[in-house]
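Have a look at final_1.txt below; it lists compact mmCIF, C-alpha atoms and all ligand atoms.
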# COMPACT_ATOMS: atom_id res chain seq x y z
CA MET A 135 0.00 0.00 0.00
CA ARG A 136 1.37 3.36 -0.96
CA GLN A 137 -0.07 6.79 -0.28
CA VAL A 138 -0.37 9.24 -3.18
CA THR A 139 -1.89 12.68 -2.97
CA ASP A 140 -3.04 13.43 -6.50
CA ILE A 141 -3.34 12.32 -10.11
CA ALA A 142 0.12 13.66 -10.94
CA GLN A 143 1.65 11.28 -8.40
CA ILE A 144 -0.40 8.39 -9.73
CA ARG A 145 0.84 9.12 -13.25
CA GLU A 146 4.41 9.38 -12.05
CA PHE A 147 4.17 6.07 -10.22
CA LEU A 148 2.61 4.24 -13.19
CA SER A 149 5.19 5.58 -15.59
CA GLY A 150 7.75 3.41 -13.79
CA PHE A 151 6.16 0.31 -15.38
CA PRO A 152 6.75 -0.55 -19.04
CA ASP A 153 3.40 -2.04 -20.16
CA ILE A 154 0.38 -0.82 -18.23
CA PHE A 155 -3.02 -2.17 -19.26
CA LEU A 156 -5.62 -0.11 -17.40
CA VAL A 157 -9.11 -1.43 -16.73
CA TYR A 158 -11.52 1.09 -15.24
CA ASP A 159 -15.09 1.37 -14.04
CA ARG A 160 -17.05 2.93 -16.91
CA ASN A 161 -18.43 5.55 -14.49
CA LEU A 162 -14.89 6.85 -13.98
CA ALA A 163 -14.06 7.67 -17.60
CA ARG A 164 -12.93 11.20 -16.76
CA LEU A 165 -10.54 10.01 -14.11
CA ALA A 166 -9.23 7.27 -16.41
CA SER A 167 -8.55 9.78 -19.17
CA SER A 168 -6.23 11.65 -16.83
CA VAL A 169 -3.91 8.65 -16.53
CA GLU A 170 -4.29 7.03 -19.95
CA GLY A 171 -1.19 8.85 -21.23
CA VAL A 172 1.03 6.53 -19.20
CA CYS A 173 -0.84 3.37 -20.20
CA LEU A 174 -0.31 1.12 -23.19
CA ALA A 175 -4.05 0.48 -23.49
CA THR A 176 -7.23 1.17 -21.51
CA LYS A 177 -10.56 -0.60 -21.23
CA ALA A 178 -13.84 0.39 -19.58
CA ILE A 179 -15.95 -2.25 -17.84
CA ASP A 180 -19.41 -2.22 -16.30
CA ALA A 181 -18.86 -2.53 -12.58
CA THR A 182 -22.07 -3.78 -11.02
CA GLU A 183 -22.43 -6.85 -8.82
CA ALA A 184 -24.20 -8.57 -11.76
CA ASP A 185 -21.09 -7.96 -13.90
CA LYS A 186 -18.74 -9.45 -11.32
CA THR A 187 -18.61 -12.77 -13.15
CA MET A 188 -16.31 -15.05 -15.11
CA ASP A 189 -17.65 -13.41 -18.30
CA SER A 190 -15.99 -10.14 -17.30
CA VAL A 191 -12.79 -11.97 -16.34
CA LEU A 192 -12.69 -13.69 -19.73
CA GLU A 193 -13.45 -10.44 -21.53
CA ILE A 194 -10.37 -8.88 -19.92
CA CYS A 195 -8.22 -11.94 -20.67
CA ARG A 196 -9.30 -11.86 -24.34
CA TRP A 197 -8.53 -8.15 -24.51
CA LEU A 198 -5.04 -8.75 -23.08
CA LEU A 199 -4.45 -11.62 -25.50
CA LYS A 200 -5.62 -9.59 -28.50
CA LEU A 201 -3.25 -6.79 -27.57
CA GLY A 202 -0.38 -9.23 -27.12
CA ALA A 203 0.09 -8.61 -23.38
CA ASP A 204 2.94 -10.83 -22.22
CA ARG A 205 4.31 -11.75 -18.81
CA GLY A 206 5.96 -8.37 -18.43
CA ALA A 207 2.58 -6.60 -18.55
CA THR A 208 0.91 -4.98 -15.54
CA LEU A 209 -2.88 -4.93 -15.28
CA VAL A 210 -4.07 -1.92 -13.29
CA ALA A 211 -7.62 -1.63 -11.94
CA LEU A 212 -9.13 1.80 -11.39
CA GLY A 213 -12.43 1.65 -9.53
CA GLY A 214 -14.17 0.27 -6.48
CA GLY A 215 -14.07 -3.24 -5.08
CA ILE A 216 -16.00 -4.70 -8.00
CA THR A 217 -13.37 -3.52 -10.49
CA THR A 218 -10.42 -4.54 -8.30
CA ASP A 219 -11.93 -8.00 -7.59
CA ILE A 220 -12.52 -8.71 -11.31
CA CYS A 221 -9.11 -7.42 -12.39
CA GLY A 222 -7.15 -9.11 -9.61
CA PHE A 223 -8.68 -12.41 -10.66
CA ALA A 224 -8.15 -11.83 -14.40
CA ALA A 225 -4.49 -10.88 -13.84
CA SER A 226 -3.99 -13.93 -11.61
CA VAL A 227 -5.11 -16.40 -14.27
CA TYR A 228 -4.02 -14.71 -17.52
CA LYS A 229 -0.87 -16.56 -18.66
CA ARG A 230 -0.85 -18.18 -15.19
CA GLY A 231 -0.51 -14.80 -13.58
CA ILE A 232 0.78 -11.37 -14.53
CA ARG A 233 1.58 -8.43 -12.28
CA PHE A 234 -1.39 -6.31 -11.19
CA GLY A 235 -1.96 -3.16 -9.20
CA PHE A 236 -4.96 -1.32 -7.80
CA ILE A 237 -6.05 2.30 -7.68
CA PRO A 238 -9.14 2.06 -5.46
CA THR A 239 -11.67 4.85 -5.85
CA THR A 240 -14.18 4.05 -3.08
CA LEU A 241 -13.60 4.35 0.64
CA LEU A 242 -14.54 0.69 1.04
CA ALA A 243 -11.94 -0.36 -1.51
CA GLN A 244 -9.23 1.90 -0.03
CA VAL A 245 -9.60 0.46 3.47
CA ASP A 246 -10.67 -3.06 2.57
CA ALA A 247 -11.34 -4.54 -0.89
CA ALA A 248 -8.11 -3.48 -2.62
CA LEU A 249 -5.97 -4.92 0.18
CA GLY A 250 -5.39 -8.43 1.37
CA GLY A 251 -5.07 -10.45 -1.82
CA LYS A 252 -8.59 -11.89 -2.09
CA ASN A 253 -9.68 -11.67 -5.74
CA GLY A 254 -12.87 -13.30 -6.81
CA VAL A 255 -16.09 -13.14 -8.77
CA ASN A 256 -19.66 -14.30 -8.27
CA LEU A 257 -21.04 -17.57 -9.61
CA ASP A 258 -24.74 -18.14 -10.32
CA GLY A 259 -25.67 -15.33 -7.96
CA TYR A 260 -23.44 -16.60 -5.11
CA LYS A 261 -20.96 -13.93 -4.04
CA ASN A 262 -17.22 -14.39 -4.42
CA MET A 263 -17.55 -18.12 -5.15
CA ILE A 264 -14.56 -18.42 -7.47
CA GLY A 265 -11.29 -16.71 -6.81
CA VAL A 266 -7.68 -16.79 -5.78
CA ILE A 267 -5.54 -15.32 -3.04
CA ARG A 268 -2.77 -13.32 -4.66
CA GLU A 269 -1.56 -9.92 -3.56
CA PRO A 270 -1.29 -6.95 -5.90
CA ALA A 271 2.14 -5.54 -6.69
CA PHE A 272 0.82 -2.19 -5.46
CA THR A 273 -2.27 -0.47 -4.12
CA LEU A 274 -2.18 3.29 -4.49
CA ILE A 275 -4.29 5.01 -1.84
CA CYS A 276 -5.33 8.48 -2.94
CA PRO A 277 -8.03 9.87 -0.62
CA ALA A 278 -8.55 12.83 -2.98
CA LEU A 279 -10.20 10.43 -5.48
CA LEU A 280 -13.11 10.03 -3.05
CA SER A 281 -14.36 13.59 -3.51
CA THR A 282 -16.90 12.48 -6.15
CA LEU A 283 -18.14 9.44 -4.26
CA PRO A 284 -21.92 9.40 -3.65
CA ASP A 285 -22.86 9.93 0.02
CA ARG A 286 -24.19 6.45 0.51
CA GLU A 287 -21.04 4.81 -0.85
CA TRP A 288 -19.00 7.03 1.44
CA ARG A 289 -21.01 6.14 4.52
CA GLY A 290 -20.85 2.43 3.68
CA GLY A 291 -17.07 2.72 3.64
CA THR A 292 -17.08 4.43 7.02
CA ALA A 293 -18.59 1.28 8.57
CA GLU A 294 -15.55 -0.74 7.41
CA LEU A 295 -13.19 2.03 8.50
CA LEU A 296 -14.64 2.07 12.03
CA LYS A 297 -14.64 -1.75 12.02
CA SER A 298 -10.86 -1.68 11.47
CA PHE A 299 -10.34 0.55 14.50
CA ILE A 300 -12.62 -1.56 16.71
CA ILE A 301 -10.30 -4.44 15.82
CA ASP A 302 -7.10 -2.45 16.36
CA ASN A 303 -7.23 0.94 18.02
CA THR A 304 -3.51 1.61 18.17
CA GLY A 305 -3.10 5.37 18.32
CA GLY A 306 -6.72 6.00 19.37
CA HIS A 307 -7.88 6.14 15.75
CA TYR A 308 -11.39 4.98 16.61
CA GLU A 309 -12.17 8.07 18.68
CA GLU A 310 -10.41 10.29 16.14
CA ALA A 311 -12.45 8.78 13.31
CA VAL A 312 -15.79 9.18 15.10
CA ASP A 313 -14.91 12.83 15.79
CA ALA A 314 -13.78 13.48 12.22
CA LEU A 315 -16.84 11.81 10.72
CA ARG A 316 -19.21 13.57 13.09
CA HIS A 317 -17.60 16.86 12.17
CA SER A 318 -17.61 16.08 8.45
CA ARG A 319 -21.37 15.46 8.53
CA ALA A 320 -21.82 19.00 9.74
CA CYS A 321 -19.61 20.41 6.97
CA GLU A 322 -20.28 20.77 3.31
CA PRO A 323 -20.05 17.10 2.28
CA ARG A 324 -17.74 17.36 -0.73
CA HIS A 325 -15.07 19.18 1.30
CA SER A 326 -15.33 16.82 4.21
CA ARG A 327 -14.40 13.77 2.13
CA ALA A 328 -10.77 14.71 1.96
CA CYS A 329 -10.33 15.41 5.67
CA PRO A 330 -9.73 12.00 7.21
CA GLY A 331 -6.95 10.98 4.77
CA ASN A 332 -4.65 9.97 7.62
CA LEU A 333 -7.42 7.79 9.03
CA ILE A 334 -7.99 6.06 5.70
CA LEU A 335 -4.32 5.14 5.64
CA ALA A 336 -4.42 4.03 9.27
CA ALA A 337 -7.42 1.76 8.57
CA ALA A 338 -5.72 0.34 5.48
CA ALA A 339 -2.64 -0.32 7.62
CA VAL A 340 -4.76 -2.28 10.14
CA LYS A 341 -5.93 -4.59 7.36
CA GLU A 342 -2.43 -4.93 5.95
CA ARG A 343 -1.00 -5.86 9.35
CA ILE A 344 -3.61 -8.52 9.96
CA VAL A 345 -3.28 -9.99 6.47
CA ALA A 346 0.51 -10.06 6.76
CA ALA A 347 0.10 -12.20 9.88
CA ASP A 348 -2.46 -14.56 8.35
CA LEU A 349 -2.92 -14.36 4.58
CA TYR A 350 -4.94 -17.60 4.34
CA GLU A 351 -7.39 -16.82 7.17
CA GLN A 352 -6.39 -19.52 9.62
CA GLY A 353 -6.88 -17.35 12.69
CA GLU A 354 -6.05 -13.66 13.06
CA ARG A 355 -7.60 -12.67 9.71
CA ARG A 356 -11.00 -13.92 10.88
CA LYS A 357 -11.17 -10.78 13.04
CA LEU A 358 -11.78 -8.77 9.87
CA ASN A 359 -15.16 -10.47 9.69
CA LEU A 360 -16.37 -8.45 12.68
CA GLY A 361 -20.09 -7.82 12.13
CA HIS A 362 -20.03 -9.77 8.87
CA THR A 363 -21.73 -13.02 9.88
CA PHE A 364 -24.76 -10.96 10.84
CA ALA A 365 -24.27 -8.61 7.88
CA HIS A 366 -24.31 -11.40 5.28
CA ALA A 367 -27.57 -12.69 6.73
CA ILE A 368 -29.05 -9.17 6.75
CA GLU A 369 -28.00 -8.68 3.10
CA ARG A 370 -29.51 -12.00 2.01
CA ARG A 371 -32.77 -11.27 3.83
CA ALA A 372 -32.88 -7.77 2.36
CA ARG A 373 -32.47 -9.14 -1.16
CA LEU A 374 -35.35 -11.57 -0.59
CA ALA A 375 -37.53 -8.81 0.85
CA GLY A 376 -36.63 -6.35 -1.93
CA LEU A 377 -35.09 -3.95 0.62
CA ASP A 378 -32.18 -1.75 -0.40
CA ILE A 379 -29.50 -2.25 2.28
CA SER A 380 -25.87 -1.71 1.33
CA HIS A 381 -23.03 -3.94 2.53
CA GLY A 382 -21.66 -1.15 4.75
CA GLU A 383 -25.07 -0.52 6.32
CA ALA A 384 -25.45 -4.24 7.03
CA VAL A 385 -21.96 -4.32 8.57
CA ALA A 386 -22.85 -1.37 10.81
CA GLU A 387 -25.96 -3.20 12.04
CA GLY A 388 -23.99 -6.45 12.39
CA ILE A 389 -21.39 -4.80 14.62
CA ILE A 390 -24.16 -3.64 16.98
CA LEU A 391 -25.44 -7.22 17.23
CA ALA A 392 -21.89 -8.46 17.86
CA ALA A 393 -21.58 -5.87 20.66
CA ARG A 394 -24.83 -7.08 22.22
CA VAL A 395 -23.70 -10.72 22.18
CA SER A 396 -20.34 -9.65 23.65
CA GLU A 397 -22.02 -7.86 26.54
CA ARG A 398 -24.43 -10.69 27.25
CA LEU A 399 -21.53 -13.13 27.41
CA SER A 400 -19.82 -10.67 29.80
CA LEU A 401 -16.91 -10.44 27.40
CA ALA A 402 -17.44 -6.70 27.12
CA PRO A 403 -18.32 -4.32 29.94
CA ALA A 404 -21.95 -3.18 30.10
CA GLY A 405 -22.56 -0.11 27.95
CA LEU A 406 -20.56 -1.09 24.86
CA GLU A 407 -23.63 -1.47 22.64
CA GLU A 408 -24.98 1.86 23.88
CA ARG A 409 -21.71 3.58 23.16
CA LEU A 410 -21.54 2.19 19.63
CA ARG A 411 -25.15 3.19 19.00
CA ARG A 412 -24.33 6.77 20.00
CA ASP A 413 -21.30 6.76 17.71
CA TRP A 414 -23.30 5.32 14.79
CA GLU A 415 -25.94 7.97 15.29
CA ALA A 416 -23.27 10.70 15.28
CA VAL A 417 -21.63 9.51 12.07
CA GLY A 418 -24.86 8.62 10.25
CA LEU A 419 -24.75 4.83 10.28
CA PRO A 420 -27.83 2.66 10.92
CA ALA A 421 -27.77 0.60 14.13
CA ASP A 422 -30.86 -1.58 13.88
CA SER A 423 -31.28 -4.48 11.53
CA PRO A 424 -34.81 -4.51 10.08
CA PHE A 425 -34.96 -8.28 10.70
CA PRO A 426 -35.34 -9.94 14.10
CA PRO A 427 -32.50 -12.28 15.12
CA ALA A 428 -34.60 -15.42 14.65
CA VAL A 429 -35.07 -14.53 10.99
CA LEU A 430 -31.32 -14.08 10.52
CA ALA A 431 -30.42 -17.30 12.33
CA ALA A 432 -31.13 -19.73 9.51
CA ASP A 433 -28.96 -17.72 7.14
CA MET A 434 -26.12 -17.40 9.62
CA ALA A 435 -25.79 -21.15 9.97
CA LYS A 436 -25.14 -21.28 6.22
CA ASP A 437 -22.44 -18.61 6.34
CA LYS A 438 -19.40 -19.80 4.46
CA LYS A 439 -17.24 -19.11 7.49
CA ALA A 440 -19.18 -21.71 9.45
CA ASP A 441 -17.12 -24.58 10.74
CA GLY A 442 -19.34 -27.60 11.39
CA GLU A 443 -22.03 -26.67 13.83
CA LYS A 444 -20.16 -23.67 15.20
CA VAL A 445 -19.76 -20.29 13.56
CA HIS A 446 -16.68 -18.16 14.16
CA PHE A 447 -18.30 -15.09 15.71
CA VAL A 448 -16.03 -12.11 16.16
CA LEU A 449 -16.88 -10.51 19.49
CA ILE A 450 -15.70 -7.29 21.10
CA ARG A 451 -13.96 -7.13 24.49
CA ALA A 452 -13.29 -3.41 24.14
CA ILE A 453 -12.65 -0.91 21.37
CA GLY A 454 -9.40 -2.20 19.89
CA ASP A 455 -9.72 -5.70 21.33
CA VAL A 456 -11.76 -8.35 19.53
CA VAL A 457 -11.77 -12.11 19.85
CA THR A 458 -13.11 -14.98 17.73
CA VAL A 459 -15.48 -17.26 19.60
CA PRO A 460 -16.94 -20.43 18.07
CA LEU A 461 -20.64 -20.48 18.92
CA THR A 462 -23.64 -22.25 17.50
CA VAL A 463 -26.33 -20.10 15.97
CA THR A 464 -28.73 -21.32 18.66
CA GLU A 465 -26.37 -20.14 21.39
CA VAL A 466 -26.20 -16.72 19.77
CA LEU A 467 -29.94 -16.56 19.25
CA ASP A 468 -30.50 -17.23 22.94
CA LEU A 469 -28.30 -14.25 23.78
CA LEU A 470 -30.03 -11.74 21.50
N1 LIG B 1 -11.46 -8.63 -2.18
C1 LIG B 1 -11.82 -8.27 -0.96
O1 LIG B 1 -11.10 -8.53 0.02
C2 LIG B 1 -13.10 -7.53 -0.78
C3 LIG B 1 -13.38 -6.96 0.48
C4 LIG B 1 -14.55 -6.22 0.61
C5 LIG B 1 -15.41 -6.07 -0.47
N2 LIG B 1 -15.11 -6.66 -1.66
C6 LIG B 1 -16.00 -6.50 -2.82
O2 LIG B 1 -16.07 -5.13 -3.17
C7 LIG B 1 -17.29 -4.91 -3.89
C8 LIG B 1 -17.88 -3.57 -3.47
O3 LIG B 1 -16.95 -2.59 -3.81
P1 LIG B 1 -17.14 -1.03 -3.51
O4 LIG B 1 -18.15 -0.81 -2.47
O5 LIG B 1 -15.77 -0.50 -3.37
O6 LIG B 1 -17.64 -0.35 -4.80
P2 LIG B 1 -18.16 -0.65 -6.25
O7 LIG B 1 -17.05 -1.08 -7.11
O8 LIG B 1 -19.39 -1.46 -6.14
O9 LIG B 1 -18.58 0.85 -6.64
C9 LIG B 1 -19.67 1.48 -6.00
C10 LIG B 1 -20.26 2.56 -6.88
O10 LIG B 1 -19.48 3.75 -6.78
C11 LIG B 1 -19.08 4.20 -8.07
N3 LIG B 1 -17.77 4.83 -7.87
C12 LIG B 1 -16.59 4.22 -7.59
N4 LIG B 1 -15.65 5.12 -7.34
C13 LIG B 1 -16.22 6.34 -7.49
C14 LIG B 1 -15.76 7.68 -7.35
N5 LIG B 1 -14.50 7.96 -6.97
N6 LIG B 1 -16.62 8.67 -7.60
C15 LIG B 1 -17.90 8.41 -7.93
N7 LIG B 1 -18.41 7.18 -8.06
C16 LIG B 1 -17.58 6.16 -7.84
C17 LIG B 1 -19.09 2.96 -8.92
O11 LIG B 1 -19.24 3.25 -10.29
C18 LIG B 1 -20.29 2.22 -8.37
O12 LIG B 1 -21.47 2.72 -8.90
C19 LIG B 1 -18.18 -6.09 -3.60
O13 LIG B 1 -18.32 -6.87 -4.77
C20 LIG B 1 -17.43 -6.87 -2.53
O14 LIG B 1 -17.64 -8.27 -2.63
C21 LIG B 1 -13.97 -7.37 -1.83
ZN ZN B 2 -17.19 -5.94 4.43
Just dump the structure as structure tokens.
Ligand SMILES: NC(=O)c1ccc[n+]([C@@H]2O[C@H](COP(=O)([O-])OP(=O)(O)OC[C@H]3O[C@@H](n4cnc5c(N)ncnc54)[C@H](O)[C@@H]3O)[C@@H](O)[C@H]2O)c1
Ligand SMILES: [Zn+2]
Amino acid sequence: MRQVTDIAQIREFLSGFPDIFLVYDRNLARLASSVEGVCLATKAIDATEADKTMDSVLEICRWLLKLGADRGATLVALGGGITTDICGFAASVYKRGIRFGFIPTTLLAQVDAALGGKNGVNLDGYKNMIGVIREPAFTLICPALLSTLPDREWRGGTAELLKSFIIDNTGGHYEEAVDALRHSRACEPRHSRACPGNLILAAAAVKERIVAADLYEQGERRKLNLGHTFAHAIERRARLAGLDISHGEAVAEGIILAARVSERLSLAPAGLEERLRRDWEAVGLPADSPFPPAVLAADMAKDKKADGEKVHFVLIRAIGDVVTVPLTVTEVLDLL
């Protein structure tokens, strides 16, 4: 992960590579045009969840083949997590793997999706079913690119940012982030986006540290799933009910449920859930899942992180101190 402050620095960095093939989210054509001068070729893709499939991967591979990209080529993805996931996978299988790099343009991708080496696409409507673990040669973090991000995308990313600091609050970044985000809500939104640049880097560094310790998710990396077992169930239920709930919103609600379970198991001191609710309110994140726990339970048992009967629930002992506890869904249901 490398911090850059503007397009000029991105161009300068990319110009150090001989053959850059740039794939970008079609919605970011203007941004892409500002770096195309240092690329050998560029290609726009549709970056919706429905496009995150093998078809898109093959389309990129065919494009590389047609242009004669060889093993010295570098595939660069410019976009959010959908674009980086598709491109990371395509680059990992084209000619058995070429170099790839990411320029994430959403907050979620800067603190999460573009880091950690998981590259995958959906299969028959099931998320991230096919993929590889392979780390990019570089991820350029440029908070200034977020100035055009729609509000909802921004807020969704803030849930993952705060999640990182609940996992690791070295330097008191959690409190700093809540303050900055509370303040930024009161400001003119477009200006506020640039202000927590140091926090974006700090959150990205939390993910990098955890992944460096456990790339293949044998232990430590599971902590990054804080709130996610609940969130995946909320997202599935929302899809079935035709409700529009973003991943970040579901994660925010999932973290509140994780806090409640933590308190009821006496892992966390009383008041943790209340504190998080106040913080969520201040930064504009939803706290309450629209579905009662019993409705989420069936889905949670099916979560792909389930291990036999038990599910690895990430619980909170304190801000900056989380622990993975294997629990059955019934045990969790009884606590909620
Ligand atoms: N590989 C991983 O470890 C990992 C981790 C978390 C999430 N993901 C994946 O990431 C995907 C979600 O990614 P996401 O939320 O970053 O975004 P996205 O790629 O879905 O983009 C969200 C929207 O924002 C637009 N957009 C992107 N950047 C913009 C900008 N700078 N200005 C204006 N609009 C912009 C996009 O066109 C799109 O409409 C999911 O598919 C998820 O599975 C992967
Ligand atoms: Zn997430």
Dump the neighbourhood of ligand LIG 1 (chain B) as a compact mmCIF listing (two decimals) with C-alpha atoms, keeping the file's coordinate frame: all residues within 9 Å, distances computed on only C-alpha atoms and all ligand atoms.
# COMPACT_ATOMS: atom_id res chain seq x y z
CA ASP A 159 -15.09 1.37 -14.04
CA ARG A 160 -17.05 2.93 -16.91
CA ASN A 161 -18.43 5.55 -14.49
CA LEU A 162 -14.89 6.85 -13.98
CA LEU A 165 -10.54 10.01 -14.11
CA ASP A 180 -19.41 -2.22 -16.30
CA ALA A 181 -18.86 -2.53 -12.58
CA THR A 182 -22.07 -3.78 -11.02
CA GLU A 183 -22.43 -6.85 -8.82
CA LYS A 186 -18.74 -9.45 -11.32
CA LEU A 212 -9.13 1.80 -11.39
CA GLY A 213 -12.43 1.65 -9.53
CA GLY A 214 -14.17 0.27 -6.48
CA GLY A 215 -14.07 -3.24 -5.08
CA ILE A 216 -16.00 -4.70 -8.00
CA THR A 217 -13.37 -3.52 -10.49
CA THR A 218 -10.42 -4.54 -8.30
CA ASP A 219 -11.93 -8.00 -7.59
CA ILE A 220 -12.52 -8.71 -11.31
CA GLY A 222 -7.15 -9.11 -9.61
CA PRO A 238 -9.14 2.06 -5.46
CA THR A 239 -11.67 4.85 -5.85
CA THR A 240 -14.18 4.05 -3.08
CA LEU A 241 -13.60 4.35 0.64
CA LEU A 242 -14.54 0.69 1.04
CA ALA A 243 -11.94 -0.36 -1.51
CA GLN A 244 -9.23 1.90 -0.03
CA VAL A 245 -9.60 0.46 3.47
CA ASP A 246 -10.67 -3.06 2.57
CA ALA A 247 -11.34 -4.54 -0.89
CA ALA A 248 -8.11 -3.48 -2.62
CA LEU A 249 -5.97 -4.92 0.18
CA GLY A 250 -5.39 -8.43 1.37
CA GLY A 251 -5.07 -10.45 -1.82
CA LYS A 252 -8.59 -11.89 -2.09
CA ASN A 253 -9.68 -11.67 -5.74
CA GLY A 254 -12.87 -13.30 -6.81
CA VAL A 255 -16.09 -13.14 -8.77
CA ASN A 256 -19.66 -14.30 -8.27
CA LYS A 261 -20.96 -13.93 -4.04
CA ASN A 262 -17.22 -14.39 -4.42
CA ILE A 267 -5.54 -15.32 -3.04
CA ALA A 278 -8.55 12.83 -2.98
CA LEU A 279 -10.20 10.43 -5.48
CA LEU A 280 -13.11 10.03 -3.05
CA SER A 281 -14.36 13.59 -3.51
CA THR A 282 -16.90 12.48 -6.15
CA LEU A 283 -18.14 9.44 -4.26
CA PRO A 284 -21.92 9.40 -3.65
CA GLU A 287 -21.04 4.81 -0.85
CA TRP A 288 -19.00 7.03 1.44
CA GLY A 290 -20.85 2.43 3.68
CA GLY A 291 -17.07 2.72 3.64
CA GLU A 294 -15.55 -0.74 7.41
CA SER A 380 -25.87 -1.71 1.33
CA HIS A 381 -23.03 -3.94 2.53
CA GLY A 382 -21.66 -1.15 4.75
Exercise. Mind giving me the straight-line distance from CA of Ala314 in chain A to CA of Val340 in chain A in Å, one decimal?
Key: 18.3 Å
Quiz item: Which protein, DNA or RNA residues are at most 8 Å from (-9.5, 4.5, 5.0) in the file's coordinates when you count all atoms listed in the file, listed as a PyMOL selection string?
Solution: chain A and resi 241-242+244-245+277+291-292+295+330-338
Quiz prompt | CA of His366 in chain A to CA of Pro427 in chain A, straight-line distance in Å | solution =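 Result for CA of Pro427 in chain A versus CA of His366 in chain A: 12.8 Å, one decimal.
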Excluding Gly361 in chain A and its own-chain neighbours fewer than 5 positions away, which residues fall within 6 Å of it when counting all atoms listed in the file? Please give them as an mmCIF file with C-alpha atoms, in the frame of the given file.
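Saved result, part.cif, follows:
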data_model
loop_
_atom_site.group_PDB
_atom_site.id
_atom_site.type_symbol
_atom_site.label_atom_id
_atom_site.label_comp_id
_atom_site.auth_asym_id
_atom_site.auth_seq_id
_atom_site.Cartn_x
_atom_site.Cartn_y
_atom_site.Cartn_z
ATOM 1 C CA VAL A 385 -21.960 -4.320 8.570
ATOM 2 C CA GLY A 388 -23.990 -6.450 12.390
ATOM 3 C CA ILE A 389 -21.390 -4.800 14.620
#
Self-check item: Pairwise distance for CA of Ile232 in chain A and CA of Gln137 in chain A, rounded to one decimal in Å
Solution: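 CA of Gln137 in chain A lies at a distance of 23.1 Å from CA of Ile232 in chain A.
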Practice problem: Tell me which of A:Val445, A:Ile379, A:Lys297, A:Leu391 sits closest to ligand ZN 2 (chain B), counting all atoms listed in the file. | Solution: A:Lys297
